[in-house]
>>> print(open('input20.txt').read())   # compact mmCIF, C-alpha atoms
# COMPACT_ATOMS: atom_id res chain seq x y z
CA MET A 1 13.52 -9.21 23.31
CA SER A 2 12.82 -9.90 26.95
CA GLN A 3 11.93 -13.29 28.34
CA GLN A 4 8.19 -12.62 28.48
CA SER A 5 6.18 -14.60 25.99
CA VAL A 6 4.10 -12.85 23.39
CA LEU A 7 0.45 -13.91 23.46
CA GLN A 8 -0.27 -16.16 20.51
CA ALA A 9 -3.27 -16.99 18.32
CA GLY A 10 -5.95 -18.87 20.21
CA THR A 11 -5.35 -17.01 23.50
CA ARG A 12 -8.11 -14.90 25.04
CA ALA A 13 -7.13 -11.25 24.72
CA PRO A 14 -6.60 -9.64 28.14
CA GLU A 15 -9.24 -6.98 28.82
CA PHE A 16 -8.14 -3.40 29.35
CA SER A 17 -9.46 0.11 29.72
CA LEU A 18 -7.10 2.93 28.75
CA PRO A 19 -7.36 6.68 28.15
CA ALA A 20 -7.79 7.67 24.50
CA THR A 21 -7.89 11.38 25.36
CA PRO A 22 -7.56 13.21 28.68
CA ASP A 23 -11.31 12.71 29.27
CA ARG A 24 -12.26 9.55 27.38
CA ARG A 25 -11.41 5.92 28.11
CA VAL A 26 -11.67 3.02 25.68
CA SER A 27 -12.09 -0.64 26.65
CA LEU A 28 -11.44 -3.69 24.56
CA ALA A 29 -14.96 -4.89 25.47
CA ASP A 30 -16.41 -1.80 23.71
CA PHE A 31 -15.72 -3.53 20.40
CA ARG A 32 -17.17 -6.97 21.12
CA GLY A 33 -18.68 -8.38 17.95
CA ARG A 34 -16.09 -6.68 15.71
CA PRO A 35 -12.44 -7.42 14.97
CA VAL A 36 -9.92 -5.23 16.77
CA VAL A 37 -6.36 -4.55 15.68
CA LEU A 38 -4.01 -3.67 18.53
CA ALA A 39 -0.87 -1.97 17.28
CA PHE A 40 1.66 -1.50 20.07
CA TYR A 41 4.38 0.95 19.02
CA PRO A 42 7.39 2.29 20.92
CA ALA A 43 6.72 6.01 20.85
CA ASP A 44 4.88 8.94 19.30
CA TRP A 45 6.87 11.23 16.99
CA SER A 46 8.84 8.66 15.01
CA PRO A 47 10.10 9.81 11.55
CA VAL A 48 7.39 11.18 9.30
CA CYS A 49 6.94 9.24 6.08
CA GLY A 50 7.64 5.77 7.40
CA ASP A 51 5.26 6.26 10.25
CA GLN A 52 3.13 3.25 11.09
CA MET A 53 0.14 5.14 12.52
CA THR A 54 0.03 7.39 9.44
CA LEU A 55 -0.14 4.31 7.23
CA TYR A 56 -2.95 2.84 9.32
CA SER A 57 -4.83 6.14 9.15
CA ALA A 58 -4.54 6.12 5.38
CA LEU A 59 -5.82 2.54 5.33
CA ARG A 60 -8.78 3.27 7.56
CA PRO A 61 -11.38 2.73 4.78
CA GLU A 62 -9.87 -0.69 4.14
CA PHE A 63 -10.00 -1.62 7.84
CA GLU A 64 -13.62 -0.41 7.92
CA ARG A 65 -14.41 -2.75 5.05
CA PHE A 66 -13.58 -5.57 7.46
CA GLY A 67 -15.59 -3.87 10.24
CA ALA A 68 -12.34 -3.62 12.21
CA GLU A 69 -11.25 -0.99 14.72
CA VAL A 70 -7.55 -0.11 14.91
CA LEU A 71 -6.17 0.91 18.29
CA GLY A 72 -2.62 2.22 18.54
CA ILE A 73 -1.04 1.77 22.00
CA SER A 74 2.12 3.30 23.41
CA VAL A 75 3.32 4.43 26.83
CA ASP A 76 2.99 8.10 25.86
CA GLY A 77 0.48 10.11 27.87
CA PRO A 78 -2.90 11.18 26.48
CA TRP A 79 -1.88 14.84 25.96
CA CYS A 80 1.12 13.64 23.97
CA HIS A 81 -1.17 11.46 21.83
CA VAL A 82 -3.51 14.40 21.21
CA ALA A 83 -0.63 16.56 19.97
CA PHE A 84 0.81 13.73 17.89
CA ALA A 85 -2.53 12.83 16.28
CA ASP A 86 -3.21 16.48 15.55
CA ALA A 87 0.22 17.12 14.02
CA ARG A 88 0.09 14.03 11.80
CA ASN A 89 -3.61 14.23 10.97
CA LEU A 90 -4.12 10.72 12.37
CA LYS A 91 -7.52 9.08 12.27
CA VAL A 92 -6.80 6.01 14.38
CA THR A 93 -7.52 5.89 18.12
CA LEU A 94 -4.35 6.13 20.20
CA LEU A 95 -4.39 4.70 23.73
CA SER A 96 -2.06 5.56 26.60
CA ASP A 97 -0.56 2.62 28.45
CA PHE A 98 0.83 5.26 30.76
CA GLU A 99 -0.22 4.49 34.34
CA PRO A 100 0.70 1.95 35.57
CA LYS A 101 3.26 2.27 32.83
CA GLY A 102 3.16 -0.48 30.23
CA GLU A 103 0.75 -2.65 32.22
CA VAL A 104 -1.33 -3.66 29.20
CA ALA A 105 1.78 -4.29 27.10
CA ARG A 106 3.09 -6.58 29.86
CA GLN A 107 -0.15 -8.57 29.82
CA TYR A 108 0.25 -9.10 26.08
CA GLY A 109 3.91 -10.00 26.51
CA VAL A 110 5.24 -7.04 24.54
CA TYR A 111 6.80 -4.69 27.09
CA ASN A 112 10.47 -3.83 26.65
CA ALA A 113 11.68 -3.09 30.19
CA GLN A 114 15.14 -2.02 29.02
CA GLU A 115 13.78 0.72 26.78
CA GLY A 116 10.78 1.49 28.94
CA THR A 117 8.51 1.23 25.90
CA THR A 118 6.31 -1.36 24.30
CA GLU A 119 7.67 -3.54 21.53
CA ARG A 120 6.42 -2.92 18.00
CA ALA A 121 3.75 -5.62 18.04
CA LEU A 122 0.48 -6.38 16.30
CA PHE A 123 -2.52 -8.39 17.46
CA VAL A 124 -5.69 -9.14 15.54
CA ILE A 125 -8.54 -10.01 17.94
CA ASP A 126 -11.83 -11.48 16.77
CA GLY A 127 -15.32 -10.35 17.77
CA ASP A 128 -15.36 -12.86 20.65
CA GLY A 129 -12.20 -11.40 22.18
CA VAL A 130 -9.82 -14.15 21.08
CA ILE A 131 -6.41 -13.36 19.58
CA ARG A 132 -6.31 -14.72 16.03
CA TRP A 133 -2.92 -13.44 14.89
CA SER A 134 0.08 -11.77 16.49
CA TYR A 135 3.41 -10.49 15.25
CA VAL A 136 6.39 -8.71 16.81
CA SER A 137 8.47 -6.56 14.49
CA PRO A 138 12.06 -5.36 14.96
CA PRO A 139 11.60 -2.02 16.81
CA ALA A 140 13.09 0.07 14.00
CA LEU A 141 11.07 -1.57 11.24
CA ASN A 142 7.54 -0.46 10.50
CA PRO A 143 5.72 -3.79 10.02
CA GLY A 144 3.29 -2.29 7.51
CA ALA A 145 -0.25 -3.57 7.17
CA ASP A 146 0.05 -6.67 5.00
CA GLY A 147 -0.08 -9.14 7.89
CA ILE A 148 -3.02 -7.36 9.50
CA LEU A 149 -5.02 -7.23 6.27
CA GLU A 150 -4.40 -10.90 5.60
CA ALA A 151 -5.45 -11.86 9.13
CA LEU A 152 -8.60 -9.73 8.88
CA GLU A 153 -9.47 -11.28 5.55
CA GLN A 154 -9.05 -14.80 6.93
CA LEU A 155 -11.21 -13.82 9.88
CA THR A 156 -14.06 -12.16 8.06
CA GLN A 157 -13.85 -13.46 4.48
CA PRO A 158 -12.21 -16.91 4.67
CA GLU A 159 -13.34 -17.81 1.15
CA ALA A 160 -11.72 -14.72 -0.37
CA ALA A 161 -8.53 -15.40 1.62
CA ALA A 162 -8.41 -19.00 0.35
CA ALA A 163 -8.93 -17.85 -3.22
CA ARG A 164 -6.14 -15.32 -2.85
CA SER A 165 -3.70 -17.89 -1.47
CA ARG A 166 -4.47 -20.24 -4.38
CA SER A 167 -3.84 -17.59 -7.01
CA MET B 1 6.18 -8.69 7.39
CA SER B 2 8.22 -8.70 4.22
CA GLN B 3 7.93 -12.13 2.66
CA ARG B 4 5.06 -11.13 0.39
CA LYS B 5 5.74 -10.29 -3.23
CA ALA B 6 4.68 -7.14 -4.98
CA PRO B 7 1.86 -7.60 -7.52
CA GLU B 8 3.11 -8.68 -10.95
CA VAL B 9 3.93 -6.00 -13.49
CA THR B 10 0.96 -5.53 -15.83
CA GLU B 11 -0.04 -3.34 -18.76
CA GLN B 12 -1.53 -0.89 -16.25
CA ASP B 13 1.95 -0.20 -14.89
CA HIS B 14 4.27 2.65 -15.74
CA VAL B 15 7.37 0.91 -17.00
CA GLN B 16 10.77 2.03 -18.23
CA GLY B 17 12.81 -0.69 -19.85
CA SER B 18 12.07 -4.03 -21.40
CA ALA B 19 10.17 -6.99 -19.97
CA THR B 20 13.24 -9.07 -20.86
CA ALA B 21 15.54 -6.94 -18.66
CA GLU B 22 17.58 -8.93 -16.17
CA VAL B 23 16.13 -7.32 -13.07
CA THR B 24 12.99 -5.34 -12.19
CA LEU B 25 12.91 -2.51 -9.65
CA ILE B 26 9.49 -1.35 -8.46
CA GLU B 27 9.14 1.89 -6.53
CA TYR B 28 6.03 2.66 -4.50
CA GLY B 29 6.22 6.41 -4.16
CA ASP B 30 4.42 9.59 -3.18
CA PHE B 31 5.16 12.67 -5.29
CA GLU B 32 5.02 14.95 -2.24
CA CYS B 33 7.13 12.76 0.07
CA PRO B 34 10.56 14.33 0.73
CA PHE B 35 12.21 10.91 1.02
CA CYS B 36 10.90 10.01 -2.45
CA GLY B 37 12.16 13.36 -3.69
CA ALA B 38 15.60 12.54 -2.29
CA ALA B 39 15.52 9.09 -3.89
CA TYR B 40 14.48 10.45 -7.29
CA PRO B 41 17.91 11.61 -8.59
CA ILE B 42 19.56 8.51 -7.11
CA LEU B 43 17.14 6.15 -8.87
CA LYS B 44 17.65 8.10 -12.06
CA ARG B 45 21.41 7.56 -11.90
CA VAL B 46 20.91 3.88 -11.05
CA ARG B 47 18.72 3.54 -14.14
CA GLU B 48 21.35 5.21 -16.30
CA ARG B 49 24.09 2.98 -14.95
CA LEU B 50 22.25 -0.29 -15.41
CA GLY B 51 20.78 0.68 -18.78
CA ASP B 52 18.81 -2.06 -20.50
CA LYS B 53 19.65 -4.56 -17.76
CA LEU B 54 17.03 -2.84 -15.62
CA ARG B 55 13.28 -2.51 -15.88
CA PHE B 56 11.92 0.26 -13.62
CA VAL B 57 8.30 0.50 -12.51
CA PHE B 58 6.70 3.39 -10.62
CA ARG B 59 3.51 2.82 -8.61
CA ASN B 60 1.54 5.43 -6.73
CA PHE B 61 1.36 5.24 -2.95
CA PRO B 62 0.15 8.69 -1.88
CA ILE B 63 -0.09 9.17 1.89
CA SER B 64 -2.69 11.92 1.95
CA GLU B 65 -2.67 12.17 5.75
CA SER B 66 0.87 13.53 5.54
CA HIS B 67 0.81 15.22 2.15
CA ARG B 68 -2.27 17.11 1.11
CA HIS B 69 -1.35 17.35 -2.56
CA ALA B 70 -0.17 13.76 -2.91
CA ALA B 71 -3.44 12.20 -4.07
CA HIS B 72 -4.06 14.81 -6.78
CA ALA B 73 -0.45 14.60 -7.92
CA ALA B 74 -0.82 10.83 -8.30
CA GLU B 75 -4.15 11.18 -10.13
CA ALA B 76 -2.72 13.85 -12.42
CA ALA B 77 0.18 11.53 -13.31
CA GLU B 78 -2.32 8.77 -14.17
CA SER B 79 -4.37 11.18 -16.25
CA VAL B 80 -1.27 12.29 -18.16
CA ALA B 81 -0.32 8.65 -18.75
CA ASP B 82 -3.73 7.85 -20.24
CA ARG B 83 -3.92 10.99 -22.32
CA GLY B 84 -0.28 11.26 -23.40
CA GLY B 85 1.21 7.79 -23.18
CA PRO B 86 4.31 6.50 -21.37
CA ALA B 87 6.67 9.29 -22.47
CA ALA B 88 4.28 11.91 -21.11
CA PHE B 89 3.90 9.97 -17.86
CA TRP B 90 7.66 9.86 -17.27
CA ALA B 91 8.01 13.54 -18.12
CA MET B 92 5.25 14.26 -15.57
CA HIS B 93 6.88 11.94 -13.01
CA ASP B 94 10.15 13.89 -13.34
CA LEU B 95 8.44 17.30 -13.22
CA LEU B 96 6.54 16.37 -10.05
CA PHE B 97 9.64 15.18 -8.23
CA GLU B 98 11.56 18.24 -9.40
CA HIS B 99 8.85 20.61 -8.09
CA GLN B 100 7.74 19.02 -4.84
CA SER B 101 7.17 22.36 -3.17
CA ALA B 102 4.55 23.43 -5.75
CA LEU B 103 1.98 20.68 -6.26
CA ASP B 104 -1.29 22.60 -6.08
CA ASP B 105 -3.81 21.87 -8.84
CA ALA B 106 -2.80 24.87 -10.98
CA SER B 107 0.81 23.74 -10.88
CA LEU B 108 -0.20 20.16 -11.72
CA ALA B 109 -2.02 21.46 -14.81
CA ARG B 110 1.08 23.43 -15.81
CA TYR B 111 3.34 20.37 -15.51
CA ALA B 112 0.82 18.31 -17.49
CA THR B 113 0.97 20.87 -20.27
CA ARG B 114 4.76 20.74 -20.24
CA ALA B 115 4.52 16.94 -20.43
CA GLY B 116 2.46 17.36 -23.59
CA VAL B 117 -1.10 16.97 -22.34
CA ASP B 118 -3.82 19.63 -22.10
CA GLY B 119 -3.69 20.77 -18.48
CA GLU B 120 -7.37 21.74 -18.52
CA LEU B 121 -8.35 18.16 -19.29
CA VAL B 122 -6.19 16.92 -16.42
CA LEU B 123 -7.92 19.37 -14.07
CA GLU B 124 -11.26 18.06 -15.27
CA ASP B 125 -10.09 14.50 -14.53
CA LEU B 126 -9.16 15.61 -11.01
CA ARG B 127 -12.53 17.30 -10.46
CA GLU B 128 -14.40 14.24 -11.70
CA GLU B 129 -12.10 11.93 -9.67
CA ARG B 130 -11.62 9.78 -12.76
CA TYR B 131 -8.35 8.30 -11.51
CA SER B 132 -8.94 8.15 -7.76
CA GLU B 133 -9.97 4.48 -7.87
CA ARG B 134 -6.90 3.48 -9.90
CA VAL B 135 -4.64 5.29 -7.44
CA ASN B 136 -6.49 3.71 -4.53
CA GLN B 137 -6.01 0.23 -6.01
CA SER B 138 -2.30 0.91 -6.41
CA PHE B 139 -2.17 2.02 -2.77
CA LEU B 140 -4.02 -1.07 -1.53
CA GLY B 141 -1.96 -3.43 -3.69
CA GLY B 142 1.14 -1.91 -2.13
CA ALA B 143 -0.20 -2.11 1.41
CA ARG B 144 -1.11 -5.77 0.92
CA SER B 145 2.41 -6.54 -0.27
CA GLY B 146 4.15 -4.90 2.66
CA VAL B 147 4.67 -1.30 1.56
CA ASN B 148 5.12 0.40 4.93
CA GLY B 149 5.99 3.94 3.89
CA THR B 150 7.51 5.78 0.97
CA PRO B 151 9.56 5.10 -0.91
CA THR B 152 9.35 1.31 -0.70
CA LEU B 153 11.39 -0.60 -3.27
CA PHE B 154 10.93 -4.15 -4.54
CA ILE B 155 13.66 -5.97 -6.47
CA ASP B 156 12.20 -8.75 -8.60
CA GLY B 157 9.10 -8.57 -6.44
CA ILE B 158 10.89 -8.88 -3.08
CA ARG B 159 10.86 -5.91 -0.71
CA TYR B 160 14.26 -4.28 -0.44
CA ASP B 161 14.96 -2.79 3.01
CA GLY B 162 18.67 -2.05 2.50
CA PRO B 163 20.43 1.28 2.08
CA ARG B 164 19.20 3.53 -0.73
CA ASP B 165 22.40 5.19 -1.86
CA GLU B 166 23.45 4.76 -5.48
CA GLU B 167 26.25 2.24 -4.90
CA ALA B 168 24.21 0.05 -2.58
CA LEU B 169 21.29 -0.02 -4.99
CA VAL B 170 23.42 -0.84 -8.02
CA GLU B 171 25.08 -3.61 -6.03
CA ALA B 172 21.77 -5.01 -4.80
CA LEU B 173 20.27 -4.97 -8.29
CA GLN B 174 23.33 -6.63 -9.82
CA ALA B 175 23.44 -9.23 -7.05
CA PHE B 176 19.89 -10.07 -7.94
CA HIS B 177 20.43 -10.60 -11.62
CA THR B 178 23.63 -12.60 -11.24
CA ARG B 179 21.65 -15.01 -9.10
CA LEU B 180 19.31 -15.75 -11.98
CA PRO B 181 19.91 -19.01 -13.86
CA SER B 182 21.87 -18.21 -17.01
>>> encode(input="input20.txt", output="structure tokens")
Amino acid sequence: MSQQSVLQAGTRAPEFSLPATPDRRVSLADFRGRPVVLAFYPADWSPVCGDQMTLYSALRPEFERFGAEVLGISVDGPWCHVAFADARNLKVTLLSDFEPKGEVARQYGVYNAQEGTTERALFVIDGDGVIRWSYVSPPALNPGADGILEALEQLTQPEAAAARSRS
Amino acid sequence: MSQRKAPEVTEQDHVQGSATAEVTLIEYGDFECPFCGAAYPILKRVRERLGDKLRFVFRNFPISESHRHAAHAAEAAESVADRGGPAAFWAMHDLLFEHQSALDDASLARYATRAGVDGELVLEDLREERYSERVNQSFLGGARSGVNGTPTLFIDGIRYDGPRDEEALVEALQAFHTRLPS
């Protein structure tokens, strides 16, 4: 890990606007009023079955239940994302933190300058644009979705989350 | 995120071995996933070596985005379990992992028949999506406990991220049960 500090719960999420495809940009502000999951990951084309973005695609109906949008972010370019999403049948939006390289990751405190990639990091942002949960995973370890789902439940269904933690 | 425990073993589960076994191994797997296919003979040998010390549980975690037959294979296995009981389920489980390159519906019906269940009824269950919700609940239960891909293993409810060769698994499972109070 570098010396930068990862943005923590309670911090306002830095705004950004990044390409999702070669001709479409997506801004954090587009999703105001809904939870957003930012999933920074080091690179497209990681090994197949353990792939984080594939898991999040498969869990899309569950994220929708919480009204949440999942945005994957890496430093790969938009054409690379298009090919990757097509090859893996991905249904999550992938954003390119490509130029200036890693700028958004730096703002969130999750850029790895040695590798030239983002860390593997998760942020759950509420509908007002405030970070409610963040987590940095070892780069080689897919962090799964358990932490995200728990954070979304606490955000949108606090009573259900409390009941679950009691059981 | 790996501190969460897998859901408790219930009567809905597919279980080999006794509830009083010293250690429980849960696999979240996808019948079309090549890594699960590679783990299948290894887990089988581990089960043979540990015998009645081990309780083994298989739970469905089909990643349909990657494997287009995975969801139906999982549902067919559930259908066979309901219609034919545990022995039929495990026969189906083995047939699916031994024939990962042929998991279309007609093949699934053939394996079901070999497992002792009328393949036509299994096809009807697939058409009517009678087991899709059960498979979905298994998938979500796994995702909520930290399953991040397939196969994911849990030893006594705790996610196991170590090596998956036979020796390492036997050692990990034995280490777990020797830690139990005697």
>>> interface_residues(input="input20.txt", of="chain A", to="chain B", cutoff="12 Å", atoms="only C-alpha atoms", output="PyMOL selection string")
chain A and resi 47-63+85-92+121-122+134-138+140-153+164-165+167
>>> closest_residue(input="input20.txt", among="A:Ala68, A:Cys80, A:Arg132, A:Tyr41", to="Gly116 (chain A)", atoms="all atoms listed in the file")
A:Tyr41
>>> residues_around(input="input20.txt", residues="region 39-55 of chain B", least_positions_apart="4", cutoff="12 Å", atoms="only C-alpha atoms", output="number ranges by chain")
B: 9, 13-35, 90, 93-100, 150-157, 163-174, 176-178
>>> atom_distance(input="input20.txt", atom1="CA of Phe98 (chain A)", atom2="CA of Val75 (chain A)")
4.7 Å
>>> closest_residue(input="input20.txt", among="A:Gln157, A:Ser5, A:Ser74, A:Ser17", to="Arg120 (chain A)", atoms="all atoms listed in the file")
A:Ser74
>>> build_atoms(input="input20.txt", residues="region 100-119 of chain B", atoms="N, CA and C atoms", output="compact mmCIF listing (two decimals), keeping the file's coordinate frame")
# COMPACT_ATOMS: atom_id res chain seq x y z
N GLN B 100 8.56 19.53 -5.95
CA GLN B 100 7.74 19.02 -4.84
C GLN B 100 7.13 20.11 -3.98
N SER B 101 7.70 21.31 -4.04
CA SER B 101 7.17 22.36 -3.17
C SER B 101 6.00 23.10 -3.83
N ALA B 102 5.69 22.78 -5.07
CA ALA B 102 4.55 23.43 -5.75
C ALA B 102 3.72 22.37 -6.46
N LEU B 103 2.80 21.76 -5.71
CA LEU B 103 1.98 20.68 -6.26
C LEU B 103 0.49 20.98 -6.14
N ASP B 104 0.14 22.25 -6.07
CA ASP B 104 -1.29 22.60 -6.08
C ASP B 104 -1.85 22.29 -7.47
N ASP B 105 -3.18 22.29 -7.58
CA ASP B 105 -3.81 21.87 -8.84
C ASP B 105 -3.35 22.70 -10.04
N ALA B 106 -3.22 24.01 -9.85
CA ALA B 106 -2.80 24.87 -10.98
C ALA B 106 -1.40 24.47 -11.45
N SER B 107 -0.54 24.17 -10.50
CA SER B 107 0.81 23.74 -10.88
C SER B 107 0.76 22.39 -11.59
N LEU B 108 -0.08 21.48 -11.08
CA LEU B 108 -0.20 20.16 -11.72
C LEU B 108 -0.61 20.32 -13.19
N ALA B 109 -1.56 21.23 -13.42
CA ALA B 109 -2.02 21.46 -14.81
C ALA B 109 -0.87 22.00 -15.67
N ARG B 110 -0.06 22.87 -15.07
CA ARG B 110 1.08 23.43 -15.81
C ARG B 110 2.09 22.33 -16.18
N TYR B 111 2.38 21.45 -15.22
CA TYR B 111 3.34 20.37 -15.51
C TYR B 111 2.77 19.43 -16.58
N ALA B 112 1.45 19.19 -16.50
CA ALA B 112 0.82 18.31 -17.49
C ALA B 112 1.00 18.90 -18.89
N THR B 113 0.80 20.21 -18.98
CA THR B 113 0.97 20.87 -20.27
C THR B 113 2.40 20.72 -20.77
N ARG B 114 3.35 20.91 -19.85
CA ARG B 114 4.76 20.74 -20.24
C ARG B 114 5.07 19.31 -20.64
N ALA B 115 4.32 18.35 -20.07
CA ALA B 115 4.52 16.94 -20.43
C ALA B 115 3.80 16.59 -21.73
N GLY B 116 3.07 17.57 -22.28
CA GLY B 116 2.46 17.36 -23.59
C GLY B 116 0.98 17.04 -23.58
N VAL B 117 0.32 17.29 -22.46
CA VAL B 117 -1.10 16.97 -22.34
C VAL B 117 -1.83 18.26 -21.95
N ASP B 118 -3.03 18.44 -22.44
CA ASP B 118 -3.82 19.63 -22.10
C ASP B 118 -4.11 19.67 -20.59
N GLY B 119 -3.54 20.67 -19.92
CA GLY B 119 -3.69 20.77 -18.48
C GLY B 119 -5.14 20.92 -18.03
